[in-house]
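Structure file run26.txt with compact mmCIF, C-alpha atoms:
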# COMPACT_ATOMS: atom_id res chain seq x y z
CA MET A 1 129.27 94.67 123.41
CA LEU A 2 129.71 97.86 121.41
CA ARG A 3 129.36 95.91 118.14
CA PHE A 4 126.16 94.36 119.45
CA ALA A 5 124.78 97.82 120.28
CA HIS A 6 125.60 99.09 116.77
CA PHE A 7 124.08 95.97 115.21
CA ALA A 8 120.91 96.32 117.32
CA ALA A 9 120.65 100.01 116.39
CA LEU A 10 120.94 99.15 112.68
CA ILE A 11 118.24 96.50 112.94
CA LEU A 12 115.98 98.92 114.78
CA LEU A 13 116.50 101.62 112.14
CA ALA A 14 115.91 99.15 109.32
CA SER A 15 112.69 97.88 110.87
CA CYS A 16 111.47 101.46 111.35
CA ALA A 17 112.22 102.21 107.69
CA VAL A 18 110.26 99.11 106.58
CA ALA A 19 107.37 100.06 108.86
CA ASP A 20 107.32 103.58 107.41
CA VAL A 21 107.31 102.26 103.83
CA THR A 22 104.51 99.84 104.67
CA THR A 23 102.59 102.65 106.36
CA ASP A 24 103.09 104.83 103.29
CA VAL A 25 101.92 102.03 100.97
CA LYS A 26 98.87 101.37 103.17
CA GLU A 27 98.03 105.07 103.02
CA GLU A 28 98.42 105.04 99.23
CA VAL A 29 96.04 102.07 98.93
CA ARG A 30 93.61 103.66 101.41
CA CYS A 31 93.51 106.80 99.29
CA GLN A 32 92.98 104.74 96.13
CA GLU A 33 89.97 103.05 97.78
CA ILE A 34 88.53 106.39 98.82
CA GLY A 35 89.10 107.76 95.32
CA PHE A 36 87.35 104.71 93.91
CA SER A 37 84.28 105.42 96.05
CA ARG A 38 84.39 109.12 95.26
CA SER A 39 84.34 108.35 91.53
CA VAL A 40 80.88 106.85 92.06
CA GLU A 41 79.79 109.52 94.56
CA ASN A 42 80.73 112.18 91.98
CA GLY A 43 79.13 110.34 89.05
CA ASP A 44 82.40 109.98 87.11
CA ILE A 45 82.12 106.64 85.32
CA GLU A 46 85.44 107.07 83.47
CA ALA A 47 87.26 107.68 86.75
CA PHE A 48 85.53 104.59 88.18
CA LYS A 49 86.73 102.50 85.26
CA SER A 50 90.30 103.78 85.69
CA PHE A 51 90.50 102.10 89.11
CA LEU A 52 89.84 98.65 87.60
CA ASP A 53 92.60 96.24 86.69
CA ASP A 54 92.38 94.87 83.14
CA ASP A 55 91.71 91.43 84.66
CA ALA A 56 89.33 92.64 87.40
CA ARG A 57 86.59 90.40 88.80
CA PHE A 58 83.60 91.61 90.82
CA VAL A 59 81.83 88.82 92.64
CA GLY A 60 78.23 89.18 93.77
CA HIS A 61 75.18 87.26 92.60
CA SER A 62 77.30 86.52 89.55
CA VAL A 63 80.86 87.19 88.45
CA MET A 64 81.61 90.23 86.31
CA SER A 65 84.92 90.05 84.46
CA GLY A 66 86.86 92.97 83.05
CA PRO A 67 86.45 96.74 83.23
CA ASP A 68 83.81 96.96 80.48
CA ALA A 69 81.47 94.37 82.04
CA ILE A 70 81.94 95.79 85.54
CA THR A 71 81.36 99.37 84.43
CA ASP A 72 78.27 98.29 82.48
CA ALA A 73 76.86 96.51 85.55
CA TRP A 74 77.57 99.57 87.73
CA LYS A 75 75.89 102.09 85.38
CA ILE A 76 72.87 102.13 87.70
CA PHE A 77 74.98 103.98 90.29
CA PHE A 78 75.78 106.67 87.72
CA ALA A 79 72.17 107.16 86.61
CA GLU A 80 70.54 110.38 87.80
CA ASP A 81 67.72 108.48 89.54
CA GLY A 82 69.88 105.50 90.54
CA PRO A 83 70.84 104.46 94.05
CA ALA A 84 73.65 106.26 95.86
CA ILE A 85 76.49 104.20 97.29
CA LYS A 86 79.41 105.20 99.47
CA TRP A 87 82.13 103.10 101.06
CA ARG A 88 85.29 103.66 103.04
CA PRO A 89 88.11 101.35 104.11
CA GLN A 90 88.20 100.33 107.74
CA PHE A 91 91.13 97.96 107.26
CA VAL A 92 94.03 98.11 104.80
CA GLU A 93 96.62 95.34 104.60
CA VAL A 94 99.55 95.15 102.18
CA LEU A 95 101.77 92.15 101.47
CA GLU A 96 105.42 92.59 102.40
CA ASP A 97 106.43 92.49 98.73
CA ARG A 98 103.99 95.39 98.16
CA THR A 99 102.27 93.79 95.16
CA LEU A 100 98.83 93.03 96.62
CA ALA A 101 96.65 94.79 99.14
CA LEU A 102 93.29 94.16 100.78
CA THR A 103 90.81 96.83 101.80
CA ARG A 104 87.69 96.10 103.81
CA GLY A 105 85.06 98.32 105.31
CA PRO A 106 81.44 99.42 105.45
CA TYR A 107 79.28 100.59 102.60
CA ARG A 108 75.88 102.26 102.60
CA MET A 109 73.52 102.26 99.67
CA ILE A 110 70.44 104.47 99.53
CA GLY A 111 67.82 103.74 96.92
CA LYS A 112 64.07 103.68 96.47
CA ASP A 113 61.64 100.81 96.86
CA ALA A 114 58.73 100.05 94.50
CA ASP A 115 56.62 102.74 96.23
CA GLY A 116 59.33 105.38 95.82
CA SER A 117 60.24 105.43 99.50
CA SER A 118 63.89 105.78 100.45
CA VAL A 119 65.58 102.54 101.52
CA GLU A 120 68.96 102.32 103.23
CA GLN A 121 71.09 99.20 103.00
CA TRP A 122 74.38 98.58 104.81
CA GLY A 123 77.05 96.02 104.10
CA THR A 124 80.74 95.24 104.01
CA PHE A 125 82.99 95.41 100.96
CA ASN A 126 86.28 93.63 100.30
CA SER A 127 88.65 94.77 97.56
CA VAL A 128 91.93 93.22 96.49
CA TRP A 129 94.31 95.69 94.88
CA ARG A 130 97.30 94.90 92.68
CA ILE A 131 100.08 97.27 91.73
CA ASP A 132 100.20 97.58 87.95
CA SER A 133 103.28 97.98 85.75
CA ASP A 134 102.58 101.74 85.69
CA GLY A 135 102.91 101.86 89.50
CA LYS A 136 99.20 102.50 90.12
CA TRP A 137 97.09 100.38 92.45
CA ARG A 138 94.00 98.92 90.74
CA VAL A 139 91.18 96.68 91.93
CA VAL A 140 91.59 93.08 90.80
CA PHE A 141 88.89 91.44 92.98
CA ASP A 142 85.88 93.01 94.67
CA ALA A 143 83.01 91.50 96.65
CA GLY A 144 80.55 92.63 99.24
CA ASP A 145 77.97 91.31 101.64
CA VAL A 146 74.72 92.88 102.75
CA ALA A 147 74.45 93.34 106.50
CA ALA A 148 71.47 91.88 108.34
CA SER A 149 71.12 95.16 110.23
CA PRO A 150 72.81 98.56 110.29
CA PRO A 151 76.29 98.49 111.85
CA ASP A 152 77.13 100.05 115.18
CA GLU A 153 77.63 103.81 115.41
CA GLU A 154 81.43 103.53 115.36
CA THR A 155 81.34 101.65 112.05
CA GLN A 156 78.76 104.03 110.57
CA ALA A 157 81.00 106.95 111.57
CA ILE A 158 83.73 105.65 109.22
CA LEU A 159 81.63 106.94 106.32
CA GLN A 160 81.41 110.38 107.89
CA GLN A 161 85.13 110.87 108.52
CA GLU A 162 87.01 113.44 106.52
CA ASN A 163 89.69 111.66 104.58
CA ASP A 164 92.67 113.69 103.46
CA CYS A 165 93.51 112.08 100.15
So, in terms of structure tokens, how does the structure I just supplied come out?
Amino acid sequence: MLRFAHFAALILLASCAVADVTTDVKEEVRCQEIGFSRSVENGDIEAFKSFLDDDARFVGHSVMSGPDAITDAWKIFFAEDGPAIKWRPQFVEVLEDRTLALTRGPYRMIGKDADGSSVEQWGTFNSVWRIDSDGKWRVVFDAGDVAASPPDEETQAILQQENDC
């Protein structure tokens, strides 16, 4: 019985250690996603590009492949009179082998229509992150969908939260 108790205690400690590592990795990926958004919010196109995997794909109305094509397509968000976009992860999942992660959450884009009036658009983004050989998480796949209507207040509040990263 004593051996069983020791064995059970070891298993419990090991599972706690794995959970803590997974929690730490999830937090690392969450912070990478927030940093990715902040690169656009702060108008830092080089920082934005640094979050992209060399083999990155952004899927929207078309597929953009590679950091140069993606950065070129996103230049509008770095233009002084361009639309503003902000996103934050609501969900972060990491594979057990800690090589891939998925982030998903709301985004809000504010731009101007043809008359110059402000227009707000909400949606959901999905990013797949891969750990590179240098140990840094980078986006390998990214896609988003426009919402038919603004999300509920709880979801909107995700963009207002202070994120300690």
Nearest-residue call for Ala147 in chain A, choices A:Ala101, A:Ile45, A:Leu52, A:Met109, using all atoms listed in the file: A:Met109
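The interatomic distance for the pair CA of Val128 in chain A and CA of Arg104 in chain A works out to 8.9 Å.
Among the candidate residues A:Gln90, A:Ala84, A:Asn163, A:Ser50, the one lying nearest to Lys136 in chain A is A:Ser50, with distances computed using only C-alpha atoms.
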Need to verify the contact set: range 142-146 of chain A, 12 Å, all atoms listed in the file, exclusion of same-chain residues closer than 4 positions in sequence. Can you return it as a count of residues only? 42
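From CA of Gly82 in chain A back to CA of Phe48 in chain A, the distance works out to 15.9 Å.
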Any idea what's packed within 10 Å of Asp132 in chain A, counting only C-alpha atoms, ignoring anything in its chain fewer than 5 positions away? Could you give it as an NGL selection string? :A and (53-54 or 99-100 or 137-139)
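For the set A:Pro67, A:Arg88, A:Gly43, A:Ile76, the residue with the smallest atom-to-atom gap to Gln161 in chain A is A:Arg88, counting only C-alpha atoms.
Across the model, the gap from CA of Glu93 in chain A to CA of Trp74 in chain A is 25.8 Å.
The nearest approach to Val25 in chain A among the residues A:Ile158, A:Ala73, A:Ala114, A:Val92, with all atoms listed in the file taken into account, belongs to A:Val92.
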For range 9-136 of chain A of the block above, can you save C-alpha atoms as a PDB file, in the first residue's frame?
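What landed in part-v9.pdb:
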ATOM      1  CA  ALA A   9       2.229  10.840  -5.449  1.00  0.00           C
ATOM      2  CA  LEU A  10       4.883  10.667  -8.193  1.00  0.00           C
ATOM      3  CA  ILE A  11       2.255  10.505 -10.915  1.00  0.00           C
ATOM      4  CA  LEU A  12       0.428  13.454  -9.382  1.00  0.00           C
ATOM      5  CA  LEU A  13       3.625  15.509  -9.192  1.00  0.00           C
ATOM      6  CA  ALA A  14       4.566  14.610 -12.762  1.00  0.00           C
ATOM      7  CA  SER A  15       1.148  15.580 -14.088  1.00  0.00           C
ATOM      8  CA  CYS A  16       1.326  18.903 -12.229  1.00  0.00           C
ATOM      9  CA  ALA A  17       4.750  19.573 -13.744  1.00  0.00           C
ATOM     10  CA  VAL A  18       3.414  18.833 -17.259  1.00  0.00           C
ATOM     11  CA  ALA A  19       0.399  21.062 -16.636  1.00  0.00           C
ATOM     12  CA  ASP A  20       2.667  23.889 -15.473  1.00  0.00           C
ATOM     13  CA  VAL A  21       4.892  23.559 -18.547  1.00  0.00           C
ATOM     14  CA  THR A  22       1.849  23.537 -20.816  1.00  0.00           C
ATOM     15  CA  THR A  23       0.459  26.565 -18.991  1.00  0.00           C
ATOM     16  CA  ASP A  24       3.798  28.337 -19.398  1.00  0.00           C
ATOM     17  CA  VAL A  25       3.910  27.492 -23.118  1.00  0.00           C
ATOM     18  CA  LYS A  26       0.316  28.673 -23.589  1.00  0.00           C
ATOM     19  CA  GLU A  27       1.222  31.940 -21.871  1.00  0.00           C
ATOM     20  CA  GLU A  28       4.276  32.309 -24.117  1.00  0.00           C
ATOM     21  CA  VAL A  29       2.137  31.814 -27.235  1.00  0.00           C
ATOM     22  CA  ARG A  30      -0.558  34.155 -25.878  1.00  0.00           C
ATOM     23  CA  CYS A  31       2.064  36.858 -25.397  1.00  0.00           C
ATOM     24  CA  GLN A  32       3.424  36.269 -28.904  1.00  0.00           C
ATOM     25  CA  GLU A  33      -0.091  36.779 -30.322  1.00  0.00           C
ATOM     26  CA  ILE A  34      -0.542  39.978 -28.351  1.00  0.00           C
ATOM     27  CA  GLY A  35       2.877  41.194 -29.479  1.00  0.00           C
ATOM     28  CA  PHE A  36       1.903  40.398 -33.057  1.00  0.00           C
ATOM     29  CA  SER A  37      -1.196  42.592 -32.749  1.00  0.00           C
ATOM     30  CA  ARG A  38       0.726  45.334 -30.980  1.00  0.00           C
ATOM     31  CA  SER A  39       3.232  45.451 -33.845  1.00  0.00           C
ATOM     32  CA  VAL A  40       0.366  46.599 -36.076  1.00  0.00           C
ATOM     33  CA  GLU A  41      -1.201  48.819 -33.410  1.00  0.00           C
ATOM     34  CA  ASN A  42       2.173  50.564 -33.012  1.00  0.00           C
ATOM     35  CA  GLY A  43       2.834  50.811 -36.752  1.00  0.00           C
ATOM     36  CA  ASP A  44       6.013  48.699 -36.623  1.00  0.00           C
ATOM     37  CA  ILE A  45       6.057  46.778 -39.903  1.00  0.00           C
ATOM     38  CA  GLU A  46       9.466  45.189 -39.227  1.00  0.00           C
ATOM     39  CA  ALA A  47       8.247  43.840 -35.890  1.00  0.00           C
ATOM     40  CA  PHE A  48       5.125  42.522 -37.662  1.00  0.00           C
ATOM     41  CA  LYS A  49       7.287  40.708 -40.203  1.00  0.00           C
ATOM     42  CA  SER A  50       9.421  39.175 -37.432  1.00  0.00           C
ATOM     43  CA  PHE A  51       6.383  37.240 -36.160  1.00  0.00           C
ATOM     44  CA  LEU A  52       5.967  35.447 -39.511  1.00  0.00           C
ATOM     45  CA  ASP A  53       7.378  32.009 -40.200  1.00  0.00           C
ATOM     46  CA  ASP A  54       9.449  31.781 -43.400  1.00  0.00           C
ATOM     47  CA  ASP A  55       6.748  29.479 -44.807  1.00  0.00           C
ATOM     48  CA  ALA A  56       3.761  31.475 -43.487  1.00  0.00           C
ATOM     49  CA  ARG A  57       0.396  31.445 -45.259  1.00  0.00           C
ATOM     50  CA  PHE A  58      -2.398  33.966 -44.693  1.00  0.00           C
ATOM     51  CA  VAL A  59      -5.720  32.821 -46.062  1.00  0.00           C
ATOM     52  CA  GLY A  60      -8.477  35.296 -46.870  1.00  0.00           C
ATOM     53  CA  HIS A  61      -9.979  36.147 -50.238  1.00  0.00           C
ATOM     54  CA  SER A  62      -6.748  34.722 -51.597  1.00  0.00           C
ATOM     55  CA  VAL A  63      -3.675  33.019 -50.182  1.00  0.00           C
ATOM     56  CA  MET A  64      -0.610  35.085 -49.364  1.00  0.00           C
ATOM     57  CA  SER A  65       2.589  33.063 -49.046  1.00  0.00           C
ATOM     58  CA  GLY A  66       5.746  34.122 -47.260  1.00  0.00           C
ATOM     59  CA  PRO A  67       6.671  37.089 -45.080  1.00  0.00           C
ATOM     60  CA  ASP A  68       7.318  39.493 -47.979  1.00  0.00           C
ATOM     61  CA  ALA A  69       3.937  38.910 -49.671  1.00  0.00           C
ATOM     62  CA  ILE A  70       2.066  39.019 -46.362  1.00  0.00           C
ATOM     63  CA  THR A  71       3.800  42.189 -45.203  1.00  0.00           C
ATOM     64  CA  ASP A  72       3.147  43.807 -48.580  1.00  0.00           C
ATOM     65  CA  ALA A  73      -0.566  42.936 -48.370  1.00  0.00           C
ATOM     66  CA  TRP A  74      -0.750  44.296 -44.802  1.00  0.00           C
ATOM     67  CA  LYS A  75       0.930  47.641 -45.606  1.00  0.00           C
ATOM     68  CA  ILE A  76      -2.506  49.295 -45.562  1.00  0.00           C
ATOM     69  CA  PHE A  77      -2.623  48.775 -41.779  1.00  0.00           C
ATOM     70  CA  PHE A  78       0.682  50.628 -41.416  1.00  0.00           C
ATOM     71  CA  ALA A  79      -0.357  53.583 -43.576  1.00  0.00           C
ATOM     72  CA  GLU A  80      -1.061  56.799 -41.677  1.00  0.00           C
ATOM     73  CA  ASP A  81      -4.610  57.011 -43.064  1.00  0.00           C
ATOM     74  CA  GLY A  82      -5.166  53.241 -43.173  1.00  0.00           C
ATOM     75  CA  PRO A  83      -7.617  51.237 -41.095  1.00  0.00           C
ATOM     76  CA  ALA A  84      -6.770  50.345 -37.503  1.00  0.00           C
ATOM     77  CA  ILE A  85      -6.947  46.714 -36.449  1.00  0.00           C
ATOM     78  CA  LYS A  86      -6.590  45.108 -33.053  1.00  0.00           C
ATOM     79  CA  TRP A  87      -6.970  41.491 -31.982  1.00  0.00           C
ATOM     80  CA  ARG A  88      -6.469  39.441 -28.856  1.00  0.00           C
ATOM     81  CA  PRO A  89      -6.474  35.697 -28.201  1.00  0.00           C
ATOM     82  CA  GLN A  90      -9.497  34.278 -26.450  1.00  0.00           C
ATOM     83  CA  PHE A  91      -8.293  30.683 -26.758  1.00  0.00           C
ATOM     84  CA  VAL A  92      -4.764  29.275 -26.840  1.00  0.00           C
ATOM     85  CA  GLU A  93      -4.096  25.578 -27.372  1.00  0.00           C
ATOM     86  CA  VAL A  94      -0.699  23.897 -27.620  1.00  0.00           C
ATOM     87  CA  LEU A  95       0.063  20.367 -28.794  1.00  0.00           C
ATOM     88  CA  GLU A  96       1.584  18.079 -26.179  1.00  0.00           C
ATOM     89  CA  ASP A  97       4.874  17.972 -28.090  1.00  0.00           C
ATOM     90  CA  ARG A  98       4.915  21.795 -27.893  1.00  0.00           C
ATOM     91  CA  THR A  99       5.645  22.313 -31.601  1.00  0.00           C
ATOM     92  CA  LEU A 100       2.343  23.809 -32.787  1.00  0.00           C
ATOM     93  CA  ALA A 101      -0.176  26.107 -31.175  1.00  0.00           C
ATOM     94  CA  LEU A 102      -3.518  27.616 -32.132  1.00  0.00           C
ATOM     95  CA  THR A 103      -4.767  31.030 -31.077  1.00  0.00           C
ATOM     96  CA  ARG A 104      -8.289  32.233 -31.741  1.00  0.00           C
ATOM     97  CA  GLY A 105     -10.143  35.340 -30.722  1.00  0.00           C
ATOM     98  CA  PRO A 106     -11.909  38.531 -31.719  1.00  0.00           C
ATOM     99  CA  TYR A 107     -10.595  41.318 -33.877  1.00  0.00           C
ATOM    100  CA  ARG A 108     -11.939  44.799 -34.519  1.00  0.00           C
ATOM    101  CA  MET A 109     -11.076  46.884 -37.536  1.00  0.00           C
ATOM    102  CA  ILE A 110     -11.949  50.568 -37.786  1.00  0.00           C
ATOM    103  CA  GLY A 111     -11.723  52.238 -41.156  1.00  0.00           C
ATOM    104  CA  LYS A 112     -13.521  54.785 -43.285  1.00  0.00           C
ATOM    105  CA  ASP A 113     -16.177  54.267 -45.931  1.00  0.00           C
ATOM    106  CA  ALA A 114     -16.307  56.073 -49.306  1.00  0.00           C
ATOM    107  CA  ASP A 115     -17.875  59.125 -47.603  1.00  0.00           C
ATOM    108  CA  GLY A 116     -15.129  59.295 -44.979  1.00  0.00           C
ATOM    109  CA  SER A 117     -17.362  58.084 -42.156  1.00  0.00           C
ATOM    110  CA  SER A 118     -15.897  55.733 -39.578  1.00  0.00           C
ATOM    111  CA  VAL A 119     -16.849  52.080 -40.023  1.00  0.00           C
ATOM    112  CA  GLU A 120     -16.302  49.365 -37.428  1.00  0.00           C
ATOM    113  CA  GLN A 121     -15.994  45.714 -38.418  1.00  0.00           C
ATOM    114  CA  TRP A 122     -15.712  42.759 -36.042  1.00  0.00           C
ATOM    115  CA  GLY A 123     -14.548  39.245 -36.740  1.00  0.00           C
ATOM    116  CA  THR A 124     -12.663  36.227 -35.480  1.00  0.00           C
ATOM    117  CA  PHE A 125      -9.045  35.375 -36.243  1.00  0.00           C
ATOM    118  CA  ASN A 126      -7.308  31.998 -36.142  1.00  0.00           C
ATOM    119  CA  SER A 127      -3.520  31.714 -36.059  1.00  0.00           C
ATOM    120  CA  VAL A 128      -1.396  28.584 -36.089  1.00  0.00           C
ATOM    121  CA  TRP A 129       2.011  29.059 -34.488  1.00  0.00           C
ATOM    122  CA  ARG A 130       5.084  26.867 -34.917  1.00  0.00           C
ATOM    123  CA  ILE A 131       8.172  26.887 -32.755  1.00  0.00           C
ATOM    124  CA  ASP A 132      11.189  27.676 -34.928  1.00  0.00           C
ATOM    125  CA  SER A 133      14.712  26.289 -34.604  1.00  0.00           C
ATOM    126  CA  ASP A 134      15.654  29.486 -32.722  1.00  0.00           C
ATOM    127  CA  GLY A 135      13.022  28.695 -30.066  1.00  0.00           C
ATOM    128  CA  LYS A 136      10.683  31.526 -31.073  1.00  0.00           C
TER     129      LYS A 136
END
